[in-house]
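Okay, so here's the structure we're looking at.
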Amino acid sequence: MSDFLIECRGLYKSYGLRPALSGVDLAVGPGRIVGLLGPNGSGKTTLIKLLCGLLQPTRGELTVDGSAIGPYTKSVISYLPDRMYFADWMKAVDLFDLFRDFYADFEYEKAMAMCRSLGVEPGDRLKSMSKGTKEKVQLVLAMSRAAKLYLLDEPIAGVDPAARDFILRTILTNYNEEGTVLLSTHLISDIEKVLDEAVFLKEGRIMLHATVDDIREKEGKSVDALFREIFRAEPMWEGGEL
Amino acid sequence: MLLKLLKYDFRAMWKQFSLIWGAALVLALVNRFTLNTGRRIPVMGENASSLLAIAFSVVLAAMFVIAVIFVIQRFARGLLGSEGYLMHTLPVRSWQLVAARLICGTVTWIGCGMVAVLCPLIMAPVDWSEMIYLPWLNVIRGLIKHPDVILVFSEICLMIVSAIVISISLMYLAMSIGHLFSHHRKLVSVAAFIGLYILLANFYARIFLWNPVEQFIDWVSGNVHGAMLSVSAAMVIPALIFLALTSWILENKLNLE
């Protein structure tokens, strides 16, 4: 059995002729908080969806907890997608029932307690909830599991700074500390303080994978500063290109 | 896991159909007392009675349209659309997801069929209290003496279920083929459905002209049970192939971009 929770070797994924991931090699161990960092279109969501089994790799190998993607890996992964995934006729409690039925690590009482603390009424129909409340329900579902791997796709995108802190606090106070959190975002400064490792993705390739301490020590700058340096776009000159 | 999936599929089905099935049955009951058949005293005017009869027909027609849409939506949105983000991250095999949808869809269509059969019975000018005095014991005794009747009835039911299963599995495969494309998925799905339908019709036309199959049909046709079971098998076997292909596409080619 491998020591790594996530292992990708030569992972390649293309949409038609357009490559989204080009030969990604990545190994992440257990008990880490990892930032999957990159600008829009860099392949963050694609990598997360491949780990969840929502996409199939064009080629390459991918394992989670030593197993190829399948029912076992799905039972140990808690996924927070970047979109709403539930049917409108359901109530939050219906989803909690569903998660309790399918995931042995789902903690029903914790979900109800999180709802109370987040101001979500679990008996309300999802159709009648605001977008923000629905996002909270999805966050509750993802963080009420004692999963081995949390895949959180852009959990703080599109919300104000106060809400970002609130979401991050919810994640940090509720995740299983023996598990790994892989958190994709391009808002580095907000999450830098909680990260153990950072993975920089650019155009489907890993530009850098290091611990945050190493980055600070070797580069002498913060992860955010290094990110800005690597992904800095040149100003567009009149008639020229980026 | 399949049973757990079915629990949620049936819950979704009940949310959608409890109202329309209830409405159809209630309207049938109302029409029983308002239809001017000449044999009963009309309890309301001709126009109101006609309106109620039209309302009943509309509800019944809507029920079947909704049943078809329900089967398509539960698969397209539930497995290949946004809800697929939830369903495909559950620790289950793709065939279980497909099987749960198929079973629920089949039961839904059977439910609609039963409501459509029940409604005319409710509307019929029959005094139901008289039914109690029918010689039910003799009917049961007669059925026991002639179990063939029960067997034929079961075989007819099996044929109906097989016809529903092949229709739904054809739709599922067509939608899965559409999912293999990055653009115009709905259009490709419709084209795939038409293509598969033509392919299936051609397959039946050719296979039944094949000498060994002809001989087999001649052999089984001598027996009504053999004939009906063969017809069911002729529908179930391609349906299983369609379902296997659908499950394979979802397992190996899923692409929730």
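Each chain in the structure tokens gets a letter, A, B, ..., in the order shown, and its residues are numbered from 1; ligands are numbered from 1 in order too.
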
task: Give as a PyMOL selection string every residue of chain A that touches chain B within 9 Å, counting only C-alpha atoms.
output: chain A and resi 15-16+46+49+52-56+70-79+81+83-87+89-90+98-99+101-103

- prompt: If you run DSSP on the backbone, which residues of stretch 4-228 of chain A are alpha helix (DSSP H), as a PyMOL selection string?
  reply: chain A and resi 44-52+71-76+92-102+108-118+131-143+161-174+188-191+212-214+223-228

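Counting only C-alpha atoms, A:Thr185 has the following residues at most 10 Å away, ignoring those fewer than 6 positions along the same chain: Gly35, Leu36, Leu37, Gly38, Pro39, Asn40, Lys44, Thr45, Leu152, Asp153, Glu154, Pro155, Ile156, Ala157 and Ile191 of chain A.
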
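With only C-alpha atoms as the atoms that count, the residue of A:Tyr108, A:Tyr150, A:Tyr12, A:Phe96 with the shortest distance to A:Pro30 is A:Tyr150.
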
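Distances to A:Lys110 were evaluated for A:Leu5, A:Val64, A:Ala142, A:Val223 using only C-alpha atoms, and the minimum falls at A:Ala142.
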
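From atom CA of B:Met63 back to atom CA of B:Cys112, the distance works out to 6.9 Å.
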
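Proximity to stretch 212-220 of chain B at 12 Å, evaluated using only C-alpha atoms and with sequence-adjacent residues fewer than 5 positions away removed, yields B:Tyr204, B:Ala205, B:Arg206, B:Ile207, B:His225, B:Gly226, B:Ala227, B:Met228, B:Leu229, B:Ser230, B:Val231, B:Ala234.
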
Could you write out that same residue set with N, CA and C atoms as a compact mmCIF listing (two decimals), in the first residue's frame?
# COMPACT_ATOMS: atom_id res chain seq x y z
N TYR B 204 -34.92 -7.01 -36.06
CA TYR B 204 -36.05 -7.93 -35.89
C TYR B 204 -36.48 -8.49 -37.25
N ALA B 205 -36.55 -7.60 -38.25
CA ALA B 205 -36.99 -8.03 -39.58
C ALA B 205 -36.08 -9.12 -40.13
N ARG B 206 -34.76 -8.94 -39.92
CA ARG B 206 -33.80 -9.91 -40.47
C ARG B 206 -33.76 -11.19 -39.64
N ILE B 207 -33.75 -11.01 -38.33
CA ILE B 207 -33.56 -12.19 -37.46
C ILE B 207 -34.75 -13.15 -37.58
N HIS B 225 -47.92 -20.26 -24.50
CA HIS B 225 -46.95 -19.81 -23.49
C HIS B 225 -45.58 -19.59 -24.12
N GLY B 226 -45.19 -20.56 -24.96
CA GLY B 226 -43.89 -20.45 -25.64
C GLY B 226 -43.84 -19.21 -26.50
N ALA B 227 -44.92 -18.92 -27.19
CA ALA B 227 -44.96 -17.75 -28.09
C ALA B 227 -44.81 -16.46 -27.29
N MET B 228 -45.54 -16.38 -26.20
CA MET B 228 -45.48 -15.14 -25.42
C MET B 228 -44.14 -14.96 -24.71
N LEU B 229 -43.60 -16.06 -24.22
CA LEU B 229 -42.29 -15.96 -23.57
C LEU B 229 -41.21 -15.60 -24.59
N SER B 230 -41.36 -16.12 -25.83
CA SER B 230 -40.37 -15.79 -26.87
C SER B 230 -40.43 -14.32 -27.22
N VAL B 231 -41.66 -13.80 -27.31
CA VAL B 231 -41.80 -12.35 -27.61
C VAL B 231 -41.15 -11.53 -26.50
N ALA B 234 -37.45 -11.73 -26.84
CA ALA B 234 -37.00 -10.95 -28.00
C ALA B 234 -36.90 -9.47 -27.66

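Among the candidates B:Ala201, B:Ile164, B:Ile249, B:Ala55, the one nearest to B:Leu27 when counting only C-alpha atoms is B:Ala55.
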
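Selecting strand (DSSP E or B) from the backbone DSSP output for stretch 115-157 of chain A yields Arg125, Arg145, Leu149, Tyr150, Leu151, Leu152 and Asp153 of chain A.
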